[in-house]
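Structure file data-v4.cif; described as mmCIF, C-alpha atoms.
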```cif
data_start
#
loop_
_atom_site.label_atom_id
_atom_site.label_comp_id
_atom_site.auth_asym_id
_atom_site.auth_seq_id
_atom_site.Cartn_x
_atom_site.Cartn_y
_atom_site.Cartn_z
CA MET S 1164 18.70 40.23 -28.85
CA LYS S 1165 15.17 38.88 -29.22
CA LYS S 1166 16.37 36.28 -31.74
CA ASN S 1167 19.09 35.19 -29.39
CA THR S 1168 16.56 34.71 -26.58
CA ILE S 1169 14.38 32.56 -28.84
CA LYS S 1170 17.41 30.49 -29.85
CA LEU S 1171 18.33 30.05 -26.21
CA ILE S 1172 14.79 28.92 -25.34
CA LEU S 1173 14.86 26.48 -28.27
CA ILE S 1174 18.11 25.00 -26.99
CA ILE S 1175 17.08 24.83 -23.31
CA THR S 1176 13.57 23.41 -23.73
CA PRO S 1177 14.53 20.04 -25.30
CA ALA S 1178 17.40 19.76 -22.84
CA LEU S 1179 14.94 20.07 -19.97
CA PHE S 1180 12.73 17.36 -21.39
CA ALA S 1181 15.73 15.17 -22.11
CA SER S 1182 16.76 15.37 -18.47
CA PHE S 1183 13.56 13.71 -17.22
CA PRO S 1184 14.36 10.16 -18.39
CA THR S 1185 17.84 10.51 -16.93
CA LEU S 1186 16.40 11.48 -13.57
CA ALA S 1187 13.92 8.62 -13.80
CA ASN S 1188 16.76 6.19 -14.43
CA VAL S 1189 18.53 7.28 -11.28
CA SER S 1190 15.47 7.11 -9.04
CA GLY S 1191 13.90 4.06 -10.72
CA GLY S 1192 16.56 1.68 -9.48
CA ASP S 1193 17.79 -1.40 -11.18
CA TRP S 1194 14.53 -2.90 -12.32
CA LYS S 1195 12.18 -1.29 -14.79
CA PRO S 1196 9.55 -3.71 -16.07
CA GLN S 1197 9.96 -4.01 -19.84
CA ILE S 1198 6.37 -5.00 -20.44
CA VAL S 1199 4.55 -3.54 -23.43
CA GLU S 1200 1.14 -1.91 -22.97
CA LYS S 1201 -0.51 -4.68 -25.00
CA MET S 1202 0.38 -7.18 -22.26
CA PHE S 1203 -1.91 -5.26 -19.90
CA VAL S 1204 -4.89 -7.10 -21.34
CA LEU S 1205 -3.56 -10.40 -19.99
CA PRO S 1206 -5.34 -11.99 -17.03
CA PRO S 1207 -3.71 -10.86 -13.74
CA GLN S 1208 -2.15 -14.24 -12.89
CA HIS S 1209 -0.45 -14.36 -16.32
CA LEU S 1210 0.58 -10.76 -15.96
CA ASN S 1211 2.16 -11.61 -12.62
CA LYS S 1212 4.09 -14.46 -14.26
CA VAL S 1213 5.27 -12.20 -17.07
CA LEU S 1214 6.32 -9.61 -14.49
CA ASN S 1215 8.24 -12.22 -12.47
CA ASN S 1216 10.00 -13.45 -15.61
CA ASP S 1217 10.88 -9.87 -16.47
CA PHE S 1218 12.31 -9.40 -12.98
CA LYS S 1219 14.47 -12.53 -13.28
CA THR S 1220 16.38 -10.95 -16.16
CA SER S 1221 16.95 -7.65 -14.34
CA VAL S 1222 20.13 -6.38 -12.68
CA LEU S 1223 18.27 -6.15 -9.38
CA ALA S 1224 17.47 -9.88 -9.49
CA SER S 1225 21.11 -10.81 -10.11
CA ASN S 1226 22.19 -8.49 -7.27
CA LEU S 1227 19.62 -10.16 -5.02
CA ARG S 1228 20.96 -13.60 -5.89
CA VAL S 1229 24.55 -12.53 -5.21
CA THR S 1230 23.63 -11.00 -1.85
CA ASP S 1231 21.55 -14.04 -0.96
CA ASN S 1232 24.55 -16.33 -1.61
CA LYS S 1233 26.80 -14.04 0.42
CA ILE S 1234 24.39 -14.23 3.35
CA LYS S 1235 24.26 -18.02 3.15
CA SER S 1236 28.06 -18.25 3.16
CA LYS S 1237 28.23 -15.90 6.16
CA ILE S 1238 25.81 -18.06 8.14
CA ASP S 1239 27.80 -21.18 7.24
CA LYS S 1240 30.97 -19.50 8.41
CA ILE S 1241 29.39 -18.40 11.72
CA ASN S 1242 28.15 -21.95 12.34
CA GLU S 1243 31.57 -23.34 11.51
CA LEU S 1244 33.29 -20.89 13.88
CA ASN S 1245 30.80 -21.72 16.62
CA SER S 1246 31.62 -25.40 16.25
CA PHE S 1247 35.31 -24.62 16.95
CA LEU S 1248 34.54 -22.88 20.25
CA PRO S 1249 34.23 -25.85 22.68
CA ASN S 1250 37.70 -27.19 21.89
CA ALA S 1251 39.50 -23.89 21.59
CA SER S 1252 42.03 -22.47 24.03
CA LYS S 1253 41.50 -19.09 25.71
CA ASP S 1254 43.39 -17.12 23.05
CA GLU S 1255 41.76 -19.07 20.25
CA THR S 1256 38.34 -18.46 21.78
CA LEU S 1257 38.95 -14.74 21.75
CA GLU S 1258 40.02 -14.85 18.11
CA ILE S 1259 37.07 -17.06 17.12
CA LYS S 1260 34.65 -14.79 18.96
CA HIS S 1261 36.19 -11.83 17.17
CA GLN S 1262 35.71 -13.56 13.82
CA ILE S 1263 32.12 -14.45 14.71
CA ILE S 1264 31.36 -10.82 15.51
CA LEU S 1265 32.93 -9.69 12.23
CA ASN S 1266 30.89 -12.23 10.27
CA LYS S 1267 27.74 -11.24 12.13
CA ARG S 1268 28.41 -7.61 11.27
CA ASP S 1269 28.85 -8.51 7.58
CA TYR S 1270 25.72 -10.62 7.73
CA ILE S 1271 23.73 -7.67 9.07
CA LYS S 1272 25.13 -5.40 6.36
CA ASP S 1273 24.25 -7.86 3.60
CA MET S 1274 20.88 -8.61 5.10
CA ASN S 1275 20.13 -4.91 5.22
CA ASN S 1276 21.07 -4.59 1.55
CA LEU S 1277 18.91 -7.58 0.74
CA ILE S 1278 15.92 -6.06 2.51
CA ILE S 1279 16.44 -2.78 0.65
CA MET S 1280 16.54 -4.64 -2.67
CA LYS S 1281 13.49 -6.73 -1.80
CA ARG S 1282 11.63 -3.57 -0.85
CA GLN S 1283 12.68 -2.00 -4.17
CA LYS S 1284 11.39 -5.04 -6.03
CA LEU S 1285 8.05 -4.97 -4.21
CA GLN S 1286 7.63 -1.24 -4.66
CA THR S 1287 8.31 -1.50 -8.41
CA LYS S 1288 5.82 -4.34 -8.63
CA LYS S 1289 3.26 -2.37 -6.66
CA ALA S 1290 3.73 0.70 -8.88
CA PHE S 1291 3.27 -1.51 -11.94
CA PHE S 1292 0.01 -3.01 -10.67
CA GLU S 1293 -1.24 0.40 -9.58
CA LYS S 1294 -0.62 1.68 -13.09
CA ILE S 1295 -2.69 -1.18 -14.49
CA LYS S 1296 -5.39 -0.55 -11.90
CA ASN S 1297 -5.58 3.11 -12.94
CA ASN S 1298 -5.69 2.08 -16.60
CA ILE S 1299 -8.63 -0.24 -15.94
CA LYS S 1300 -10.42 2.43 -13.93
CA TYR S 1301 -9.87 4.96 -16.71
CA THR S 1302 -11.09 2.51 -19.37
CA ASN S 1303 -14.16 1.66 -17.29
CA LYS S 1304 -14.94 5.35 -16.85
CA ASN S 1305 -14.64 5.93 -20.59
CA ARG S 1306 -16.74 2.87 -21.24
CA VAL S 1307 -19.56 4.27 -19.13
CA ASN S 1308 -19.37 7.59 -20.96
CA GLN S 1309 -19.40 5.92 -24.36
CA SER S 1310 -21.80 3.16 -23.47
CA ALA S 1311 -24.59 4.46 -25.76
CA PHE S 1312 -22.26 4.61 -28.73
CA LEU S 1313 -20.65 1.26 -27.96
CA ASN S 1314 -24.07 -0.25 -27.55
CA ASN S 1315 -25.08 0.98 -31.01
CA LYS S 1316 -21.80 -0.23 -32.45
CA SER S 1317 -22.07 -3.70 -30.97
CA LYS S 1318 -25.64 -3.94 -32.26
CA ALA S 1319 -24.43 -2.90 -35.71
CA LEU S 1320 -21.69 -5.52 -35.56
CA GLU S 1321 -24.17 -8.17 -34.52
CA ARG S 1322 -26.56 -7.28 -37.33
CA ALA S 1323 -23.73 -7.22 -39.86
CA GLN S 1324 -22.43 -10.60 -38.71
CA LYS S 1325 -25.86 -12.15 -39.07
CA LEU S 1326 -25.92 -10.95 -42.65
CA ASP S 1327 -22.50 -12.30 -43.60
CA LEU S 1328 -23.81 -15.63 -44.88
CA LYS S 1329 -26.68 -14.00 -46.74
CA ILE S 1330 -24.30 -11.56 -48.41
CA ILE S 1331 -22.06 -14.41 -49.54
CA GLU S 1332 -25.05 -16.19 -51.08
CA LYS S 1333 -26.45 -13.09 -52.78
CA THR S 1334 -23.14 -11.90 -54.16
CA SER S 1335 -21.98 -15.29 -55.38
CA LEU S 1336 -22.82 -14.33 -59.00
CA ASN S 1337 -20.95 -11.04 -59.21
CA ILE S 1338 -17.47 -12.48 -58.89
CA ASN S 1339 -15.87 -9.72 -60.97
CA GLU S 1340 -17.17 -7.02 -58.67
CA LYS S 1341 -15.72 -8.60 -55.55
CA SER S 1342 -12.78 -6.64 -54.23
CA LYS S 1343 -9.62 -7.99 -52.66
CA TYR S 1344 -10.96 -6.85 -49.26
CA PHE S 1345 -14.22 -8.73 -49.83
CA LYS S 1346 -12.34 -11.99 -50.49
CA GLN S 1347 -9.96 -11.43 -47.58
CA TYR S 1348 -12.90 -10.60 -45.31
CA GLU S 1349 -14.54 -13.94 -46.10
CA THR S 1350 -11.34 -15.90 -45.54
CA ASN S 1351 -10.49 -14.08 -42.33
CA LYS S 1352 -14.04 -14.36 -40.98
CA ASN S 1353 -13.88 -18.13 -41.39
CA ALA S 1354 -10.52 -18.26 -39.65
CA ILE S 1355 -11.79 -16.05 -36.82
CA GLU S 1356 -14.82 -18.29 -36.33
CA LYS S 1357 -12.57 -21.34 -36.10
CA LEU S 1358 -10.36 -19.58 -33.57
CA LYS S 1359 -13.39 -18.50 -31.53
CA ILE S 1360 -14.56 -22.11 -31.33
CA ALA S 1361 -11.06 -23.21 -30.30
CA ILE S 1362 -10.99 -20.53 -27.56
CA LYS S 1363 -14.43 -21.55 -26.36
CA ASN S 1364 -13.34 -25.18 -26.04
CA HIS S 1365 -9.97 -24.40 -24.48
CA PRO S 1366 -9.63 -25.77 -20.91
CA MET S 1367 -8.01 -22.55 -19.67
CA ASN S 1368 -10.83 -20.43 -21.07
CA GLU S 1369 -13.11 -20.87 -18.08
CA LYS S 1370 -10.40 -19.60 -15.76
CA SER S 1371 -9.58 -16.56 -17.87
CA VAL S 1372 -13.25 -15.64 -18.39
CA LEU S 1373 -13.40 -14.65 -14.75
CA SER S 1374 -10.21 -12.64 -14.85
CA ASN S 1375 -10.93 -10.99 -18.21
CA ASN S 1376 -13.97 -9.32 -16.79
CA SER S 1377 -12.78 -5.81 -15.94
CA ASP S 1378 -14.40 -5.82 -12.48
CA ASN S 1379 -12.84 -9.19 -11.60
CA LYS S 1380 -9.54 -8.05 -13.04
CA LEU S 1381 -9.64 -4.92 -10.92
CA GLU S 1382 -10.34 -7.01 -7.84
CA ALA S 1383 -7.55 -9.46 -8.67
CA ILE S 1384 -5.08 -6.62 -9.17
CA SER S 1385 -6.22 -4.98 -5.93
CA ASN S 1386 -5.50 -8.32 -4.23
CA TYR S 1387 -2.01 -8.38 -5.71
CA ILE S 1388 -1.39 -4.85 -4.45
CA TYR S 1389 -2.68 -5.84 -1.01
CA ASN S 1390 -0.36 -8.87 -0.95
CA ILE S 1391 2.59 -6.71 -1.95
CA GLU S 1392 1.73 -4.24 0.81
CA THR S 1393 1.67 -7.06 3.37
CA GLU S 1394 5.06 -8.24 2.11
CA ILE S 1395 6.41 -4.69 2.51
CA ALA S 1396 5.01 -4.60 6.06
CA VAL S 1397 6.75 -7.91 6.80
CA LEU S 1398 9.99 -6.46 5.46
CA GLU S 1399 9.59 -3.50 7.80
CA MET S 1400 9.33 -5.93 10.72
CA LYS S 1401 12.45 -7.69 9.46
CA GLU S 1402 14.21 -4.34 9.37
CA GLN S 1403 13.30 -3.90 13.04
CA MET S 1404 14.64 -7.38 13.73
CA MET S 1405 17.89 -6.44 12.01
CA SER S 1406 18.26 -3.38 14.20
CA TYR S 1407 17.93 -5.59 17.31
CA MET S 1408 20.44 -8.04 15.86
CA ALA S 1409 22.85 -5.18 15.24
CA LYS S 1410 22.43 -4.11 18.86
CA ILE S 1411 23.24 -7.63 20.07
CA VAL S 1412 26.36 -7.79 17.90
CA ALA S 1413 27.43 -4.39 19.24
CA LEU S 1414 26.96 -5.63 22.81
CA ASP S 1415 28.89 -8.83 21.99
CA ALA S 1416 31.70 -6.71 20.57
CA MET S 1417 31.74 -4.57 23.72
CA ASN S 1418 31.82 -7.66 25.87
CA LEU S 1419 34.68 -9.12 23.87
CA ALA S 1420 36.58 -5.86 24.03
CA GLU S 1421 36.19 -5.86 27.82
CA ASN S 1422 37.35 -9.48 28.01
CA VAL S 1423 40.41 -8.66 25.96
CA SER S 1424 41.28 -5.67 28.13
CA GLY S 1425 40.63 -7.74 31.27
CA ILE S 1426 38.03 -5.36 32.67
CA ASN S 1427 34.77 -6.87 33.82
CA GLN S 1428 32.45 -4.02 34.43
CA LYS S 1429 28.92 -4.66 35.62
CA LEU S 1430 25.94 -3.33 33.67
CA ASP S 1431 25.41 -0.47 36.15
CA GLY S 1432 29.01 0.66 35.61
CA SER S 1433 30.33 -0.77 38.92
CA PHE S 1434 33.05 -3.42 39.14
CA PRO S 1435 32.79 -6.81 40.85
CA SER S 1436 34.05 -6.63 44.47
CA GLY S 1437 37.72 -7.34 44.96
CA GLU S 1438 38.48 -6.60 41.30
CA ASN S 1439 37.80 -2.88 41.11
CA TYR S 1440 41.12 -1.36 41.82
CA ASN S 1441 40.01 2.16 40.96
CA ASP S 1442 38.22 2.48 44.33
CA PRO S 1443 40.59 3.19 47.30
CA GLU S 1444 38.31 1.18 49.59
CA ASN S 1445 39.22 -1.98 47.67
CA VAL S 1446 42.94 -1.42 47.79
CA ILE S 1447 43.22 -0.80 51.56
CA ASP S 1448 44.50 -4.35 52.07
CA ILE S 1449 47.29 -3.80 49.62
CA PHE S 1450 48.29 -0.71 51.42
CA THR S 1451 47.89 -2.08 54.99
CA LYS S 1452 49.71 -5.37 54.22
CA LEU S 1453 53.14 -5.40 55.78
CA MET I 1370 13.94 33.66 -43.44
CA TYR I 1371 12.43 33.66 -39.94
CA LYS I 1372 8.98 34.48 -41.31
CA SER I 1373 9.14 31.70 -43.87
CA ILE I 1374 10.02 29.18 -41.11
CA VAL I 1375 7.02 30.35 -39.08
CA LYS I 1376 4.76 30.02 -42.14
CA LEU I 1377 6.08 26.55 -42.90
CA THR I 1378 5.54 25.43 -39.27
CA LEU I 1379 1.98 26.73 -39.30
CA LEU I 1380 1.29 24.97 -42.60
CA ILE I 1381 2.68 21.66 -41.33
CA SER I 1382 0.72 21.87 -38.07
CA PHE I 1383 -2.46 22.72 -40.01
CA VAL I 1384 -2.00 19.75 -42.35
CA ALA I 1385 -1.20 17.45 -39.43
CA SER I 1386 -4.21 18.60 -37.43
CA SER I 1387 -6.53 18.22 -40.41
CA TYR I 1388 -5.36 14.62 -40.81
CA ALA I 1389 -5.87 13.97 -37.11
CA ASN I 1390 -9.38 15.39 -37.20
CA ALA I 1391 -10.53 13.41 -40.27
CA SER I 1392 -13.64 11.44 -39.37
CA PRO I 1393 -13.12 7.68 -39.59
CA ILE I 1394 -16.46 7.29 -41.35
CA GLY I 1395 -15.58 9.96 -43.94
CA PRO I 1396 -14.84 7.52 -46.81
CA LEU I 1397 -18.08 5.65 -46.16
CA GLU I 1398 -20.08 8.88 -46.13
CA ARG I 1399 -18.50 10.01 -49.40
CA GLU I 1400 -19.20 6.71 -51.13
CA ARG I 1401 -22.76 6.68 -49.81
CA ALA I 1402 -23.27 10.19 -51.20
CA ARG I 1403 -21.93 9.04 -54.59
CA THR I 1404 -24.31 6.08 -54.57
CA LEU I 1405 -27.32 8.25 -53.71
CA ASN I 1406 -26.25 10.70 -56.39
CA LEU I 1407 -26.28 7.86 -58.87
CA ILE I 1408 -29.73 6.70 -57.69
CA LEU I 1409 -31.13 10.20 -58.24
CA ASP I 1410 -29.27 10.83 -61.52
CA LYS I 1411 -31.80 11.33 -64.33
CA THR I 1412 -29.24 11.80 -67.07
CA ILE I 1413 -28.30 8.13 -67.40
CA SER I 1414 -30.25 5.13 -68.63
CA ILE I 1415 -31.75 2.53 -66.30
CA ALA I 1416 -29.37 -0.16 -67.57
CA GLU I 1417 -26.35 2.06 -67.10
CA ARG I 1418 -27.50 3.00 -63.59
CA LYS I 1419 -28.00 -0.64 -62.68
CA LYS I 1420 -24.53 -1.54 -63.89
CA LYS I 1421 -22.86 1.34 -62.08
CA LEU I 1422 -24.93 0.78 -58.97
CA GLU I 1423 -23.85 -2.85 -58.77
CA LYS I 1424 -20.22 -1.78 -58.78
CA LEU I 1425 -20.76 0.98 -56.23
CA LYS I 1426 -22.78 -1.35 -54.03
CA MET I 1427 -19.86 -3.74 -53.61
CA LYS I 1428 -17.52 -0.89 -52.80
CA LEU I 1429 -20.00 0.53 -50.32
CA LEU I 1430 -20.38 -2.91 -48.76
CA ASP I 1431 -16.60 -3.10 -48.21
CA LEU I 1432 -16.58 0.35 -46.60
CA GLU I 1433 -19.55 -0.53 -44.40
CA ARG I 1434 -17.78 -3.67 -43.20
CA MET I 1435 -14.59 -1.74 -42.56
CA THR I 1436 -16.48 0.85 -40.51
CA ILE I 1437 -18.47 -1.69 -38.51
CA ASN I 1438 -15.35 -3.74 -37.72
CA ASN I 1439 -13.14 -0.73 -37.01
CA LYS I 1440 -12.19 -0.90 -33.33
CA GLN I 1441 -10.24 2.34 -33.47
CA ILE I 1442 -13.44 4.39 -33.60
CA ASN I 1443 -14.44 3.09 -30.17
CA LYS I 1444 -11.95 5.50 -28.65
CA ASN I 1445 -13.25 9.05 -28.62
CA PRO I 1446 -15.79 8.81 -31.45
CA ASP I 1447 -16.65 12.15 -33.05
CA THR I 1448 -20.23 13.42 -33.36
CA HIS I 1449 -20.50 12.24 -37.01
CA THR I 1450 -19.55 8.70 -36.01
CA ILE I 1451 -21.92 8.66 -33.02
CA ARG I 1452 -24.74 9.94 -35.24
CA ALA I 1453 -23.94 7.42 -37.97
CA PHE I 1454 -24.23 4.46 -35.61
CA GLU I 1455 -27.48 5.79 -34.14
CA ASP I 1456 -29.20 5.06 -37.46
CA PHE I 1457 -27.95 1.74 -38.82
CA ASP I 1458 -30.55 1.53 -41.60
CA LEU I 1459 -29.57 4.84 -43.13
CA THR I 1460 -25.82 4.63 -42.61
CA PHE I 1461 -25.27 1.05 -43.68
CA LEU I 1462 -27.49 1.04 -46.72
CA VAL I 1463 -26.13 -2.12 -48.35
CA HIS I 1464 -26.47 -4.16 -45.17
CA ASN I 1465 -29.98 -2.81 -44.73
CA SER I 1466 -30.93 -3.75 -48.27
CA PHE I 1467 -29.64 -7.30 -47.76
CA GLU I 1468 -31.50 -7.51 -44.47
CA LYS I 1469 -34.76 -6.38 -46.04
CA ASN I 1470 -34.23 -8.29 -49.30
CA LYS I 1471 -34.91 -5.14 -51.26
CA PRO I 1472 -32.87 -3.16 -53.79
CA LEU I 1473 -30.60 -0.51 -52.41
CA SER I 1474 -32.54 2.41 -53.90
CA VAL I 1475 -35.87 1.12 -52.58
CA THR I 1476 -34.44 0.70 -49.08
CA TRP I 1477 -33.24 4.30 -49.11
CA PHE I 1478 -36.47 5.71 -50.55
CA GLU I 1479 -38.49 3.84 -47.96
CA LYS I 1480 -36.28 5.03 -45.17
CA MET I 1481 -36.78 8.60 -46.36
CA GLY I 1482 -40.53 8.07 -46.42
CA LEU I 1483 -40.71 8.16 -50.23
CA THR I 1484 -42.96 5.12 -50.74
CA THR I 1485 -45.45 4.77 -53.61
CA ASP I 1486 -48.35 5.01 -51.18
CA ASN I 1487 -46.99 8.16 -49.60
CA ILE I 1488 -46.45 9.80 -52.97
CA MET I 1489 -49.94 8.79 -54.16
CA ASN I 1490 -51.41 10.17 -50.96
CA THR I 1491 -49.62 13.45 -51.56
CA ARG I 1492 -51.23 13.66 -55.03
CA VAL I 1493 -54.70 12.96 -53.54
CA SER I 1494 -54.29 15.61 -50.88
CA ARG I 1495 -53.22 18.23 -53.47
CA ARG I 1496 -56.46 17.67 -55.45
#
```

Kindly return the structure encoded in the file as structure tokens.
Amino acid sequence: MKKNTIKLILIITPALFASFPTLANVSGGDWKPQIVEKMFVLPPQHLNKVLNNDFKTSVLASNLRVTDNKIKSKIDKINELNSFLPNASKDETLEIKHQIILNKRDYIKDMNNLIIMKRQKLQTKKAFFEKIKNNIKYTNKNRVNQSAFLNNKSKALERAQKLDLKIIEKTSLNINEKSKYFKQYETNKNAIEKLKIAIKNHPMNEKSVLSNNSDNKLEAISNYIYNIETEIAVLEMKEQMMSYMAKIVALDAMNLAENVSGINQKLDGSFPSGENYNDPENVIDIFTKL
Amino acid sequence: MYKSIVKLTLLISFVASSYANASPIGPLERERARTLNLILDKTISIAERKKKLEKLKMKLLDLERMTINNKQINKNPDTHTIRAFEDFDLTFLVHNSFEKNKPLSVTWFEKMGLTTDNIMNTRVSRR
């Protein structure tokens, strides 16, 4: 019995862990930045470019493009239908107005989808930058804790580097004793020095010096997060706009429906005088006419 | 059968944890100990010691360079590593000897306070 329980636990436990990525896939949406941890060291502006490029290849981006095109075509169609209105007959006008309302409805639907997708994109981006921000904060915290050790280590490195040339001179005679590492170390050190000089003289270096500093990087990333938050706030306003647009389309549809049925009801629910035949007062003439 | 699986699991986890806990400066410390052993070895001739020491010195130099340039030890350094970097002169003996332009053994003796003057003074105080 006990063995069976253990077996059952052994079967269930990995299954539980395996279910987490599946859940994440469902809630994560259609864009998951495929950026390796090593890219986190990049300056924020480059990181943003890498992130944007990553987004372009995602399913979410292609869906956004498709919806964007659909919206454009809907607007074109509405404009085209509107241009037919002045020369249309009464029946044609009704049909055109009906088509306009249908296109407006589709436009609102697509626009709503677009806003949802844009929001998803921004939220993924925000989560990504927040992860980096937390990483930097964690690294900075560790750095403070280890500062004494790191200080000693950097001093050791500095002292060792100063001695490199002297060591080469002093060990020039014992060629047989030199290991493969020793030879490789010399070659690589020279190459590293050349690369360091190239980096120092690179025109982009000055720009990245500012952003490579962890404090500056943190600030830059905070700025990105702030910008994303403002974009999300703008989207929220657009959502509100869409709800008003939907209301107008609904009112247009109601108006059209009333026109089709030939009933012109006023906003307060009353009918224009002489046309409301549901009130006996208005039909007295019909009844009193001989 | 069940017991043997448990034993095997414990053995594997023990081996894995011992590898994970190995100090990154372990090889350097071992080589340094071998070098100091050689310096203090009275059973070999001066010429033999010099020859062996020259070989060990180059190996120790490689290990010192590897340790100094190892960026992995920056993350969560253990107490041995922290202690080792607190005393550069004693940990990185070959670098220290190059810096001071003195033989390796002399650098170590001096660092330990075993200078000729100190030893002579000890003899004077005993009388």

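One finds CA of Ser1310 in chain S at 20.6 Å from CA of Phe1461 in chain I.
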
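Here, the PyMOL selection byres ((chain S) within 8 of (chain I)) matches S:Phe1312, S:Leu1313, S:Asn1315, S:Lys1316, S:Ala1319, S:Leu1320, S:Ala1323, S:Leu1326, S:Lys1329, S:Ile1330, S:Glu1340, S:Lys1341, S:Ser1342, S:Tyr1344, S:Phe1345.
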
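In this model, the gap between CA of Ile1388 in chain S and CA of Lys1289 in chain S comes to 5.7 Å.
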
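Nearest to Gly1482 in chain I of all the residues I:Leu1459, I:Thr1412, I:Lys1469, I:Leu1397 is I:Leu1459, counting only C-alpha atoms.
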
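Coordinates place CA of Arg1268 in chain S at a distance of 26.9 Å from CA of Gln1286 in chain S.
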
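Shell of range 1230-1242 of chain S at 10 Å, with all atoms listed in the file counted and residues fewer than 4 places along the chain excluded, is Ala1224, Ser1225, Asn1226, Ser1246, Phe1247, Ile1259, Lys1260, Gln1262, Ile1263, Ile1264, Leu1265, Asn1266, Lys1267, Arg1268, Asp1269, Tyr1270, Ile1271, Lys1272, Asp1273, Met1274, Asn1275, Asn1276, Leu1277 and Met1280 of chain S.
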
| message | Given the PyMOL selection byres ((chain S and resi 1394) around 12) and the file above, list the residues it selects as a PyMOL selection string. | response | chain S and resi 1278+1281-1286+1288-1289+1387-1393+1395-1401

Go ahead and save the picked residues with C-alpha atoms, as a PDB file, keeping the file's coordinate frame.
```
ATOM      1  CA  ILE S1278      15.920  -6.060   2.510  1.00  0.00           C
ATOM      2  CA  LYS S1281      13.490  -6.730  -1.800  1.00  0.00           C
ATOM      3  CA  ARG S1282      11.630  -3.570  -0.850  1.00  0.00           C
ATOM      4  CA  GLN S1283      12.680  -2.000  -4.170  1.00  0.00           C
ATOM      5  CA  LYS S1284      11.390  -5.040  -6.030  1.00  0.00           C
ATOM      6  CA  LEU S1285       8.050  -4.970  -4.210  1.00  0.00           C
ATOM      7  CA  GLN S1286       7.630  -1.240  -4.660  1.00  0.00           C
ATOM      8  CA  LYS S1288       5.820  -4.340  -8.630  1.00  0.00           C
ATOM      9  CA  LYS S1289       3.260  -2.370  -6.660  1.00  0.00           C
ATOM     10  CA  TYR S1387      -2.010  -8.380  -5.710  1.00  0.00           C
ATOM     11  CA  ILE S1388      -1.390  -4.850  -4.450  1.00  0.00           C
ATOM     12  CA  TYR S1389      -2.680  -5.840  -1.010  1.00  0.00           C
ATOM     13  CA  ASN S1390      -0.360  -8.870  -0.950  1.00  0.00           C
ATOM     14  CA  ILE S1391       2.590  -6.710  -1.950  1.00  0.00           C
ATOM     15  CA  GLU S1392       1.730  -4.240   0.810  1.00  0.00           C
ATOM     16  CA  THR S1393       1.670  -7.060   3.370  1.00  0.00           C
ATOM     17  CA  ILE S1395       6.410  -4.690   2.510  1.00  0.00           C
ATOM     18  CA  ALA S1396       5.010  -4.600   6.060  1.00  0.00           C
ATOM     19  CA  VAL S1397       6.750  -7.910   6.800  1.00  0.00           C
ATOM     20  CA  LEU S1398       9.990  -6.460   5.460  1.00  0.00           C
ATOM     21  CA  GLU S1399       9.590  -3.500   7.800  1.00  0.00           C
ATOM     22  CA  MET S1400       9.330  -5.930  10.720  1.00  0.00           C
ATOM     23  CA  LYS S1401      12.450  -7.690   9.460  1.00  0.00           C
TER      24      LYS S1401
END
```

I'd like to see the residues matched by the PyMOL selection byres ((chain S and resi 1414-1420) around 12) on this file, and ideally I'd get them as a PDB file with C-alpha atoms, keeping the file's coordinate frame.
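Result file follows (result-v2.pdb):
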```
ATOM      1  CA  ASP S1254      43.390 -17.120  23.050  1.00  0.00           C
ATOM      2  CA  THR S1256      38.340 -18.460  21.780  1.00  0.00           C
ATOM      3  CA  LEU S1257      38.950 -14.740  21.750  1.00  0.00           C
ATOM      4  CA  GLU S1258      40.020 -14.850  18.110  1.00  0.00           C
ATOM      5  CA  ILE S1259      37.070 -17.060  17.120  1.00  0.00           C
ATOM      6  CA  LYS S1260      34.650 -14.790  18.960  1.00  0.00           C
ATOM      7  CA  HIS S1261      36.190 -11.830  17.170  1.00  0.00           C
ATOM      8  CA  GLN S1262      35.710 -13.560  13.820  1.00  0.00           C
ATOM      9  CA  ILE S1263      32.120 -14.450  14.710  1.00  0.00           C
ATOM     10  CA  ILE S1264      31.360 -10.820  15.510  1.00  0.00           C
ATOM     11  CA  LEU S1265      32.930  -9.690  12.230  1.00  0.00           C
ATOM     12  CA  ASN S1266      30.890 -12.230  10.270  1.00  0.00           C
ATOM     13  CA  LYS S1267      27.740 -11.240  12.130  1.00  0.00           C
ATOM     14  CA  ARG S1268      28.410  -7.610  11.270  1.00  0.00           C
ATOM     15  CA  TYR S1407      17.930  -5.590  17.310  1.00  0.00           C
ATOM     16  CA  MET S1408      20.440  -8.040  15.860  1.00  0.00           C
ATOM     17  CA  ALA S1409      22.850  -5.180  15.240  1.00  0.00           C
ATOM     18  CA  LYS S1410      22.430  -4.110  18.860  1.00  0.00           C
ATOM     19  CA  ILE S1411      23.240  -7.630  20.070  1.00  0.00           C
ATOM     20  CA  VAL S1412      26.360  -7.790  17.900  1.00  0.00           C
ATOM     21  CA  ALA S1413      27.430  -4.390  19.240  1.00  0.00           C
ATOM     22  CA  GLU S1421      36.190  -5.860  27.820  1.00  0.00           C
ATOM     23  CA  ASN S1422      37.350  -9.480  28.010  1.00  0.00           C
ATOM     24  CA  VAL S1423      40.410  -8.660  25.960  1.00  0.00           C
ATOM     25  CA  SER S1424      41.280  -5.670  28.130  1.00  0.00           C
ATOM     26  CA  GLY S1425      40.630  -7.740  31.270  1.00  0.00           C
ATOM     27  CA  ILE S1426      38.030  -5.360  32.670  1.00  0.00           C
ATOM     28  CA  ASN S1427      34.770  -6.870  33.820  1.00  0.00           C
ATOM     29  CA  GLN S1428      32.450  -4.020  34.430  1.00  0.00           C
ATOM     30  CA  LYS S1429      28.920  -4.660  35.620  1.00  0.00           C
ATOM     31  CA  LEU S1430      25.940  -3.330  33.670  1.00  0.00           C
TER      32      LEU S1430
END
```
